[in-house]
Each structure stands twice: as C-alpha cells, then as structure tokens.
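Taking it in order: structure first as structure tokens, then the write-up.
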Amino acid sequence: MTKDHLTISGPEDILGFIPHTLGYWPSNSLVAMTMQGKRLGATLRVDLPPKDQVEFGHYAQTVGSYLEADEAADGSLLIIFSNDGWGQVTGETRHDVSTAPYQSPAVPHSGLLAAVEEVLDCSGMPVRDVWLVGEDYWRNADCADDSCCPEPGRSLDEIRDSRLNAEMVFRGSSIGPNPDTQAGRISQVKQGPPDPATAAAQLAWAGTFARRSASRQQFDAVLGTWNSVLAEVPAQPPPPEVSGFLRASLCIPAWRDAVLVMAAAGTEAAIHGAAEFGVFQSDDDEHSDGPYSPHATGSLPGTTPAAGQGPSAEAAPPYAGASVPNYGEVLLGLAPRLPDWTSMDRLERLLVHLDEPNGGEASAAALTARGWIEWCRGRGSYAHSLLGQAADILPGYRLADLLNEVVQRGTVCGWAARREAAWQKICSEAA
C-alpha cells in the first residue's frame with residue numbers, strides 16, 4: 001500500500017498531529033513519540049503520576065519498555081499535557097538559565113522528565129525535544145528566549161491552525177472528546193430508544209440458537225451472515241431481522257469470539273479455533289431442517305447462498321505452509337503477521353449499529369468487542385472506557401473483565417507494537 005507523507009515544518013505540526021493519532025486532546029498526560037531519523041514513529045500516552053510521587057524510576061522504565069517496541073527508533077520526543085505550573089515563574093529551567101533576564105514558567109514534573117530522559121538515552125532513543133502544553137499556551141520546556149517563547153507561552157491556536165492539522169482534517173480525521181470524560185463515554189454509545197422490531201427478532205433468534213449452539217452447520221451460517229453484512233462498509237443498521245440475528249449470536253461466547261477472530265485473521269482461523277475448543281458437539285444436523293439464518297427470510301439483501309453454504313466454503317486468507325493461528329494468538333495480536341484492518345474497521349462500525357441503550361448481554365458483547373478492536377489499534381484509553389461500559393451493563397461479563405485487566409496492566413497488542421502491522425487511522429506517515 002502506498003502511503004502519502006505528511007510534512008512537518010515545526011513543533012506546532014507535531015503537537016497538532018498527536019490528538020489525531022490518539023483521537024482526542026489529552027490532559028494530565030505524558031505523551032512520548034519515537035523518531036526514526038526525521039520521521040515520527042510510535043506514539044504513547046500515559047497518565048501523569050500522582051503529584052505527591054517523588055520516585056519515578058519504575059514509571060520511566062515502563063515508558064521506555066513500551067517505546068522499545070519500535071526497534072528502528074533512534075530518538076524520541078516528550079510532551080507534558082497539563083495545566084500545572086503555568087501560573088508560576090522561576091529563573092531556572094532544567095538547564096541553568098538563572099542569568100537570563102527572561103523569567104520563564106516553571107517546568108512542571110521536572111523530576112519525572114529527567115528520569116524518563118535518562119531511561120530513553122540509555123535505550124538508544126535520546127530525547128530531542130520536550131514541550132509543555134497547557135489549557136491556553138504551549139512552549140518548549142528548555143527555551144529561555146522570549147523571542148520564540150514569549151511569556152507565558154505561545155497560543156494553542158498555533159497548534160489548531162497548523163498546516164498539518166488542516167491536512168489531517170482534510171483527509172477525514174477528527175478529534176473527539178476524551179474517552180475518560182462523561183462526554184466521551186456518551187459519544188461512544190448508541191443514543192435513542194431501543195428498536196422494538198430488532199428486540200423482537202433478537203428474542204426469536206435466541207430461542208432458535210439455544211437448541212443449536214453446538215451445531216457446526218449453524219456456526220457456519222452465523223459466520224456466513226456476519227461475512228455477508230461486513231462485505232460492505234455498514235453506513236446504516238441492517239434490517240431488524242438481521243440486526244436481531246447478529247445481536248443474538250453475540251450472546252453465545254464461542255460465536256462472539258469467532259466473529260472477532262474471523263474479522264482479524266479470516267474464516268479459516270475462526271473455524272480452526274472453534275474446533276480446537278470443542279465447540280462443535282452437536283449431532284443433530286442430520287435430523288434438522290437447519291441451519292437457520294436471515295438468508296431464508298430474504299432479510300439479507302444481495303445474497304442468495306445455497307443451502308448449507310457458509311464461510312467454510314468461501315475463500316479465506318491462505319495459511320498454506322504455515323500453522324493456522326489459534327484464538328489466543330489472534331486475540332493478543334500475536335498472529336497473523338498482518339491483521340485485516342479493513343474487516344476490523346467495518347466490524348467496529350457494525351457493532352456501533354448493533355448497540356442498544358440498556359441492551360443487556362448483546363450490548364455488553366458489542367461494547368467488549370469494540371474495546372478489543374480499540375486495544376488492537378493501540379488506543380488503550382478508548383478500550384478501557386468501552387470495556388468499563390460493558391461491565392456497567394453486565395457486571396461480571398468475563399471477556400470484558402479479562403480484556404480490561406490486560407489493558408490496565410499496560411500490555412500492548414502485538415500488532416500495535418510493530419510498525420508494519422499497526423493500525424493507521426489515516427493512511428499516511430508524518431516526516
């Protein structure tokens with residue numbers, strides 16, 4: 001895939017690029033970016049430690065361990081997003097400029113920055129620049145020249161009006177609310193009353209699935225339906241009969257997991273993994289008139305598969321000469337080498353349509369699946385927020401709890417840790 005380059009002409013371009021990378025404007029955060037020559041690499045955001053913390057060794061080592069995943073990095077950038085210190089003045093920064101006539105704002109978190117800089121320097125990623133970004137102003141942390149860093153700092157409008165920010169907006173990127181805020185949480189879920197037709201269809205399909213949850217034919221029909229709906233970018237919710245079918249299928253954990261694996265790694269991996277887990281235990285296929293799917297009712301426009309045809313009969317990503325990845329490898333982003341980001345992006349959009357306010361287990365499953373996709377993208381804040389909302393809807397929902405534990409431990413998805421496999425919000429690079 002050919003990637004266009006975004007040209008950086010100054011620090012305001014770099015600072016304007018960060019909210020587009022994260023999806024929101026960070027606060028109370030340390031953002032670290034790797035550099036590969038003059039090219040930007042990976043972006044990491046972590047919460048700032050408590051204000052009363054005085055020992056930063058472990059924190060700095062954690063930041064360094066994340067950035068070491070970018071093996072090509074030969075430098076780094078640090079940015080503190082916080083309003084701390086902007087109301088104070090001092091004659092010193094981390095470099096001794098006490099003889100300078102200019103009185104610059106105090107450098108907040110100077111001990112933290114020193115610890116992180118030491119770790120990155122030892123890791124072969126020396127820090128090239130440090131910036132401070134507050135609610136109204138931004139400045140270089142080491143600058144004591146009022147010709148380029150006038151008191152109290154430079155206006156944030158320079159970042160918002162930067163050339164690179166305008167280019168990102170032109171390419172379709174947008175910046176949403178912080179997912180940790182109430183506004184951010186509300187923006188992530190479907191608004192409005194539940195659709196009674198979809199609810200009725202879901203209830204009917206749930207009764208059918210209860211008898212066939214271990215059926216291989218029904219499993220194929222479920223994945224076939226998901227494949228059909230995901231064949232195009234879902235701009236609108238599917239018809240109620242189809243939406244009810246998909247929501248009901250999410251309530252069966254083995255099928256829910258298969259949908260995630262199928263989106264990332266293909267149908268072959270979904271079927272192989274399900275067989276490994278012993279999902280197919282039913283011998284009733286020979287004596288039933290199934291499998292059951294919306295195909296039979298004509299609710300799935302544009303698809304008329306033959307009876308019994310499912311994803312097992314469709315072309316899947318080839319694993320010839322290589323072992324088919326198992327569910328654990330896929331869910332942790334360890335395999336395949338490159339996931340199908342197009343399919344995963346479509347699945348995320350579809351799951352938004354399938355969410356229903358206070359929609360019980362199906363909505364918890366949809367939110368959990370979206371949380372997993374966000375974690376795979378390297379967007380831990382969004383993942384944590386969505387997984388938390390899933391747990392609020394259905395306390396004790398096991399997959400949400402397990403994934404949230406992974407996110408809170410700071411584990412990075414295998415794909416997100418490798419540049420060639422990582423998700424690109426906008427197909428571009430910054431240099």
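Residue numbers start at 1 in each chain; chains themselves are named A, B, ... in the order of the structure tokens; ligands are numbered from 1 in the order shown.
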Dump as CSV the rows for residues of segment 309-386 of chain A within 12 Å of segment 391-399 of chain A: closest atom pair and distance in Å with one decimal, only C-alpha atoms counted, ordered by chain and rising residue number.
residue,atom,partner,partner_atom,distance
A:Leu331,CA,A:Leu399,CA,11.0
A:Asp355,CA,A:Ile393,CA,11.5
A:Glu356,CA,A:Ile393,CA,10.9
A:Pro357,CA,A:Ile393,CA,9.4
A:Asn358,CA,A:Ile393,CA,6.7
A:Gly359,CA,A:Ile393,CA,7.9
A:Gly360,CA,A:Ile393,CA,6.4
A:Glu361,CA,A:Leu394,CA,6.5
A:Ala362,CA,A:Leu394,CA,9.7
A:Ser363,CA,A:Ile393,CA,7.8
A:Ala364,CA,A:Ile393,CA,6.1
A:Ala365,CA,A:Leu399,CA,8.4
A:Ala366,CA,A:Ile393,CA,11.1
A:Leu367,CA,A:Ala391,CA,9.2
A:Thr368,CA,A:Leu399,CA,7.2
A:Ala369,CA,A:Leu399,CA,9.0
A:Arg370,CA,A:Leu399,CA,11.9
A:Gly371,CA,A:Leu399,CA,10.4
A:Trp372,CA,A:Leu399,CA,9.6
A:His384,CA,A:Ala391,CA,10.5
A:Ser385,CA,A:Ala391,CA,10.0
A:Leu386,CA,A:Ala391,CA,8.7
* List the neighbours of segment 235-246 of chain A out to 7 Å using only C-alpha atoms; skip same-chain residues closer than 5 positions along the sequence, and give me the result as a PyMOL selection string. => chain A and resi 197-199+201-202+205+294+299-300+353-354
Selection file, N, CA and C atoms, as a compact mmCIF listing (two decimals), in the first residue's frame:
# COMPACT_ATOMS: atom_id res chain seq x y z
N ALA A 197 -38.60 -3.71 16.94
CA ALA A 197 -38.56 -4.77 15.93
C ALA A 197 -37.27 -5.58 16.05
N THR A 198 -36.15 -4.90 16.29
CA THR A 198 -34.89 -5.60 16.47
C THR A 198 -34.93 -6.44 17.74
N ALA A 199 -35.50 -5.89 18.81
CA ALA A 199 -35.60 -6.62 20.08
C ALA A 199 -36.42 -7.89 19.91
N ALA A 201 -36.93 -9.57 17.08
CA ALA A 201 -36.18 -10.51 16.26
C ALA A 201 -35.06 -11.18 17.05
N GLN A 202 -34.39 -10.40 17.90
CA GLN A 202 -33.33 -10.98 18.73
C GLN A 202 -33.88 -12.06 19.66
N TRP A 205 -34.59 -15.21 17.58
CA TRP A 205 -33.37 -15.90 17.19
C TRP A 205 -32.68 -16.55 18.39
N PRO A 294 -30.89 -15.36 8.37
CA PRO A 294 -31.77 -14.42 7.67
C PRO A 294 -31.84 -14.65 6.17
N SER A 299 -34.10 -11.47 4.29
CA SER A 299 -33.78 -10.24 5.02
C SER A 299 -32.37 -9.75 4.75
N LEU A 300 -31.59 -10.56 4.07
CA LEU A 300 -30.20 -10.19 3.81
C LEU A 300 -30.07 -9.87 2.32
N HIS A 353 -23.76 0.07 15.35
CA HIS A 353 -25.16 -0.04 14.95
C HIS A 353 -25.91 -1.06 15.79
N LEU A 354 -25.22 -2.11 16.21
CA LEU A 354 -25.89 -3.19 16.94
C LEU A 354 -26.06 -2.88 18.42
Find the spatial neighbours of Ser162 of chain A, counting only C-alpha atoms, within a cut-off of 10 Å - ignore same-chain residues fewer than 5 positions away - and output them as a PDB file with C-alpha atoms, in the first residue's frame.
ATOM      1  CA  ILE A   8       6.257  18.615   9.473  1.00  0.00           C
ATOM      2  CA  SER A   9       7.594  22.144   9.364  1.00  0.00           C
ATOM      3  CA  GLY A  10       7.651  22.977  13.081  1.00  0.00           C
ATOM      4  CA  PRO A  11       6.761  21.815  16.601  1.00  0.00           C
ATOM      5  CA  GLU A  12       3.164  23.038  16.238  1.00  0.00           C
ATOM      6  CA  ASP A  13       2.711  20.444  13.482  1.00  0.00           C
ATOM      7  CA  ILE A  14       3.946  17.669  15.763  1.00  0.00           C
ATOM      8  CA  LEU A  15       1.721  18.839  18.603  1.00  0.00           C
ATOM      9  CA  GLY A  16      -1.237  19.079  16.221  1.00  0.00           C
ATOM     10  CA  PHE A  17      -0.605  15.540  14.998  1.00  0.00           C
ATOM     11  CA  LEU A 156      -2.755  26.954  21.331  1.00  0.00           C
ATOM     12  CA  ASP A 157      -4.311  28.487  18.211  1.00  0.00           C
ATOM     13  CA  GLU A 167      -4.197  18.413   6.285  1.00  0.00           C
TER      14      GLU A 167
END
* To do: Excluding segment 109-116 of chain A and residues on its chain fewer than 5 positions from it, collect all residues at most 8 Å away from it, counting only C-alpha atoms, and give them as JSON, numbers by chain.
  => {"A": [54, 56, 57, 59, 60, 61, 63, 64, 94]}
Residue selection dump (N, CA and C atoms) as an mmCIF file, in the first residue's frame:
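After the write, selection-v1.cif holds the following:
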data_model
loop_
_atom_site.group_PDB
_atom_site.id
_atom_site.type_symbol
_atom_site.label_atom_id
_atom_site.label_comp_id
_atom_site.auth_asym_id
_atom_site.auth_seq_id
_atom_site.Cartn_x
_atom_site.Cartn_y
_atom_site.Cartn_z
ATOM 1 N N VAL A 54 7.459 11.039 44.263
ATOM 2 C CA VAL A 54 8.808 11.615 44.144
ATOM 3 C C VAL A 54 9.794 10.640 43.507
ATOM 4 N N PHE A 56 10.478 8.178 40.392
ATOM 5 C CA PHE A 56 9.923 7.981 39.051
ATOM 6 C C PHE A 56 10.642 6.874 38.273
ATOM 7 N N GLY A 57 11.489 6.102 38.948
ATOM 8 C CA GLY A 57 12.252 5.082 38.245
ATOM 9 C C GLY A 57 11.391 4.055 37.553
ATOM 10 N N TYR A 59 8.204 4.223 36.774
ATOM 11 C CA TYR A 59 7.391 4.885 35.745
ATOM 12 C C TYR A 59 8.216 5.072 34.467
ATOM 13 N N ALA A 60 9.446 5.574 34.624
ATOM 14 C CA ALA A 60 10.302 5.816 33.467
ATOM 15 C C ALA A 60 10.655 4.517 32.750
ATOM 16 N N GLN A 61 10.923 3.459 33.510
ATOM 17 C CA GLN A 61 11.237 2.166 32.900
ATOM 18 C C GLN A 61 10.052 1.630 32.106
ATOM 19 N N VAL A 63 7.695 3.444 30.592
ATOM 20 C CA VAL A 63 7.634 4.218 29.348
ATOM 21 C C VAL A 63 8.680 3.704 28.362
ATOM 22 N N GLY A 64 9.891 3.488 28.855
ATOM 23 C CA GLY A 64 10.955 3.004 27.984
ATOM 24 C C GLY A 64 10.655 1.640 27.388
ATOM 25 N N ARG A 94 15.356 23.218 33.528
ATOM 26 C CA ARG A 94 16.243 22.096 33.817
ATOM 27 C C ARG A 94 17.685 22.437 33.430
#
* Asked: Using the chain letters and numbers from this document, which residues of segment 5-99 of chain A does DSSP assign to strand (DSSP E), as an NGL selection string?
  -> :A and (5-6 or 29-36 or 39-47 or 75-81 or 89-90)
* **Contacts of segment 28-31 of chain A within 6 Å, only C-alpha atoms, excl. fewer than 2 positions in-chain, as an MDAnalysis selection string** => chainID A and resid 44:48 78:82
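If you count only C-alpha atoms and ignore residues fewer than 3 places along the chain from segment 36-42 of chain A, what sits within 9 Å of it is Ile14, Ala32, Met33, Leu67, Ala69, Asp70, Ala72, Ala73, Asp74, Gly75, Ser76, Ala416, Ala417, Arg419, Glu429, Ala430 and Ala431 of chain A.
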Please write the residues from the selection above to a file, keeping N, CA and C atoms, as a compact mmCIF listing (two decimals), in the first residue's frame.
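Below is the file result24.txt, written as the result:
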# COMPACT_ATOMS: atom_id res chain seq x y z
N ILE A 14 3.84 18.89 14.95
CA ILE A 14 3.95 17.67 15.76
C ILE A 14 2.87 17.65 16.84
N ALA A 32 4.81 10.34 24.67
CA ALA A 32 6.15 10.08 24.16
C ALA A 32 6.04 9.58 22.73
N MET A 33 6.88 10.11 21.87
CA MET A 33 6.88 9.71 20.46
C MET A 33 8.29 9.29 20.08
N LEU A 67 8.30 1.98 24.40
CA LEU A 67 8.88 2.57 23.20
C LEU A 67 9.92 1.66 22.56
N ALA A 69 9.56 -1.18 21.66
CA ALA A 69 8.92 -2.00 20.63
C ALA A 69 9.21 -1.45 19.24
N ASP A 70 9.50 -0.15 19.14
CA ASP A 70 9.89 0.45 17.86
C ASP A 70 11.39 0.25 17.69
N ALA A 72 13.32 0.41 15.23
CA ALA A 72 14.05 1.31 14.33
C ALA A 72 14.25 2.70 14.92
N ALA A 73 13.73 2.95 16.11
CA ALA A 73 13.79 4.29 16.71
C ALA A 73 15.22 4.65 17.08
N ASP A 74 15.59 5.90 16.79
CA ASP A 74 16.91 6.40 17.19
C ASP A 74 16.80 7.72 17.93
N GLY A 75 15.59 8.10 18.34
CA GLY A 75 15.37 9.32 19.09
C GLY A 75 13.94 9.36 19.60
N SER A 76 13.62 10.38 20.39
CA SER A 76 12.29 10.46 20.95
C SER A 76 11.92 11.91 21.25
N ALA A 416 -0.05 -3.60 17.45
CA ALA A 416 0.22 -2.20 17.71
C ALA A 416 1.70 -1.95 17.99
N ALA A 417 2.40 -2.99 18.44
CA ALA A 417 3.81 -2.85 18.80
C ALA A 417 4.73 -2.91 17.58
N ARG A 419 5.42 -1.57 13.70
CA ARG A 419 5.05 -0.51 12.77
C ARG A 419 4.36 -1.05 11.52
N GLU A 429 1.96 8.94 6.60
CA GLU A 429 3.08 8.99 7.53
C GLU A 429 3.46 10.45 7.71
N ALA A 430 4.05 10.75 8.84
CA ALA A 430 4.50 12.11 9.12
C ALA A 430 6.01 12.15 9.11
N ALA A 431 6.58 13.15 8.45
CA ALA A 431 8.04 13.24 8.37
C ALA A 431 8.47 14.70 8.44
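Shortest separation to Cys251 of chain A among A:Tyr66, A:Trp131, A:Trp423, A:Phe209 occurs at residue A:Phe209, atoms counted being only C-alpha atoms.
Taking only C-alpha atoms into account, Glu420 of chain A lies nearest to A:Glu71 out of the set A:Thr21, A:Ala390, A:Glu71, A:Gly192.
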* DSSP alpha helix (DSSP H) selection over segment 114-284 of chain A, as an MDAnalysis selection string -> chainID A and resid 114:122 157:160 163:170 182:187 196:210 216:229 240:250 253:265 267:276
Serialized selection, C-alpha atoms, as a JSON list (two decimals), in the first residue's frame:
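Here's the written file again-v1.json:
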[["chain", "number", "residue", "atom", "x", "y", "z"],
["A", 114, "ALA", "CA", 14.69, 13.77, 33.95],
["A", 115, "ALA", "CA", 14.00, 10.12, 34.86],
["A", 116, "VAL", "CA", 12.33, 9.35, 31.53],
["A", 117, "GLU", "CA", 15.08, 11.13, 29.58],
["A", 118, "GLU", "CA", 17.75, 9.06, 31.34],
["A", 119, "VAL", "CA", 15.99, 5.78, 30.50],
["A", 120, "LEU", "CA", 15.42, 6.71, 26.85],
["A", 121, "ASP", "CA", 19.01, 7.88, 26.47],
["A", 122, "CYS", "CA", 20.26, 4.52, 27.77],
["A", 157, "ASP", "CA", -4.31, 28.49, 18.21],
["A", 158, "GLU", "CA", -0.93, 27.95, 16.54],
["A", 159, "ILE", "CA", -1.43, 24.20, 17.02],
["A", 160, "ARG", "CA", -5.07, 24.20, 15.96],
["A", 163, "ARG", "CA", -0.70, 23.15, 8.38],
["A", 164, "LEU", "CA", -0.53, 19.50, 9.39],
["A", 165, "ASN", "CA", -3.69, 19.74, 11.49],
["A", 166, "ALA", "CA", -5.52, 21.21, 8.49],
["A", 167, "GLU", "CA", -4.20, 18.41, 6.28],
["A", 168, "MET", "CA", -5.37, 15.74, 8.72],
["A", 169, "VAL", "CA", -8.86, 17.27, 8.83],
["A", 170, "PHE", "CA", -8.90, 17.44, 5.03],
["A", 182, "GLN", "CA", -18.66, 11.81, 30.63],
["A", 183, "ALA", "CA", -18.98, 13.45, 27.23],
["A", 184, "GLY", "CA", -16.50, 10.93, 25.82],
["A", 185, "ARG", "CA", -18.40, 7.98, 27.24],
["A", 186, "ILE", "CA", -21.70, 9.24, 25.87],
["A", 187, "SER", "CA", -20.20, 9.77, 22.42],
["A", 196, "PRO", "CA", -38.73, -2.89, 19.24],
["A", 197, "ALA", "CA", -38.56, -4.77, 15.93],
["A", 198, "THR", "CA", -34.89, -5.60, 16.47],
["A", 199, "ALA", "CA", -35.60, -6.62, 20.08],
["A", 200, "ALA", "CA", -38.38, -8.97, 18.95],
["A", 201, "ALA", "CA", -36.18, -10.51, 16.26],
["A", 202, "GLN", "CA", -33.33, -10.98, 18.73],
["A", 203, "LEU", "CA", -35.62, -12.78, 21.16],
["A", 204, "ALA", "CA", -36.87, -15.11, 18.43],
["A", 205, "TRP", "CA", -33.37, -15.90, 17.19],
["A", 206, "ALA", "CA", -32.15, -16.52, 20.75],
["A", 207, "GLY", "CA", -34.73, -19.27, 21.13],
["A", 208, "THR", "CA", -33.55, -20.88, 17.89],
["A", 209, "PHE", "CA", -29.87, -20.63, 18.81],
["A", 210, "ALA", "CA", -30.44, -22.19, 22.24],
["A", 216, "ARG", "CA", -21.31, -26.88, 13.04],
["A", 217, "GLN", "CA", -23.86, -26.04, 10.35],
["A", 218, "GLN", "CA", -25.36, -23.29, 12.47],
["A", 219, "PHE", "CA", -21.89, -21.97, 13.26],
["A", 220, "ASP", "CA", -21.17, -21.74, 9.52],
["A", 221, "ALA", "CA", -24.48, -19.96, 8.94],
["A", 222, "VAL", "CA", -23.70, -17.43, 11.67],
["A", 223, "LEU", "CA", -20.26, -16.59, 10.28],
["A", 224, "GLY", "CA", -21.71, -16.55, 6.76],
["A", 225, "THR", "CA", -24.23, -13.92, 7.81],
["A", 226, "TRP", "CA", -21.59, -11.78, 9.50],
["A", 227, "ASN", "CA", -19.41, -12.09, 6.39],
["A", 228, "SER", "CA", -22.28, -11.01, 4.16],
["A", 229, "VAL", "CA", -23.06, -7.93, 6.24],
["A", 240, "PRO", "CA", -34.33, -5.60, 12.17],
["A", 241, "GLU", "CA", -34.38, -9.32, 11.30],
["A", 242, "VAL", "CA", -30.65, -9.26, 10.54],
["A", 243, "SER", "CA", -29.75, -6.99, 13.46],
["A", 244, "GLY", "CA", -31.67, -9.29, 15.81],
["A", 245, "PHE", "CA", -29.83, -12.31, 14.38],
["A", 246, "LEU", "CA", -26.41, -10.68, 14.85],
["A", 247, "ARG", "CA", -27.21, -9.45, 18.37],
["A", 248, "ALA", "CA", -28.47, -12.88, 19.42],
["A", 249, "SER", "CA", -25.34, -14.54, 18.03],
["A", 250, "LEU", "CA", -23.14, -12.24, 20.14],
["A", 253, "PRO", "CA", -19.49, -16.63, 23.67],
["A", 254, "ALA", "CA", -17.98, -19.12, 21.22],
["A", 255, "TRP", "CA", -19.69, -17.39, 18.29],
["A", 256, "ARG", "CA", -18.78, -13.92, 19.57],
["A", 257, "ASP", "CA", -15.10, -14.89, 19.77],
["A", 258, "ALA", "CA", -15.26, -16.49, 16.33],
["A", 259, "VAL", "CA", -16.55, -13.24, 14.83],
["A", 260, "LEU", "CA", -13.58, -11.31, 16.27],
["A", 261, "VAL", "CA", -11.09, -13.90, 15.04],
["A", 262, "MET", "CA", -12.74, -14.05, 11.62],
["A", 263, "ALA", "CA", -12.54, -10.27, 11.20],
["A", 264, "ALA", "CA", -8.84, -10.14, 12.10],
["A", 265, "ALA", "CA", -7.49, -13.43, 10.77],
["A", 267, "THR", "CA", -12.71, -17.58, 8.35],
["A", 268, "GLU", "CA", -10.26, -20.46, 8.37],
["A", 269, "ALA", "CA", -8.77, -19.30, 11.67],
["A", 270, "ALA", "CA", -12.26, -18.87, 13.19],
["A", 271, "ILE", "CA", -13.32, -22.39, 12.25],
["A", 272, "HIS", "CA", -10.00, -23.96, 13.24],
["A", 273, "GLY", "CA", -10.03, -22.30, 16.64],
["A", 274, "ALA", "CA", -13.63, -23.25, 17.34],
["A", 275, "ALA", "CA", -12.87, -26.87, 16.52],
["A", 276, "GLU", "CA", -9.83, -26.75, 18.82]]
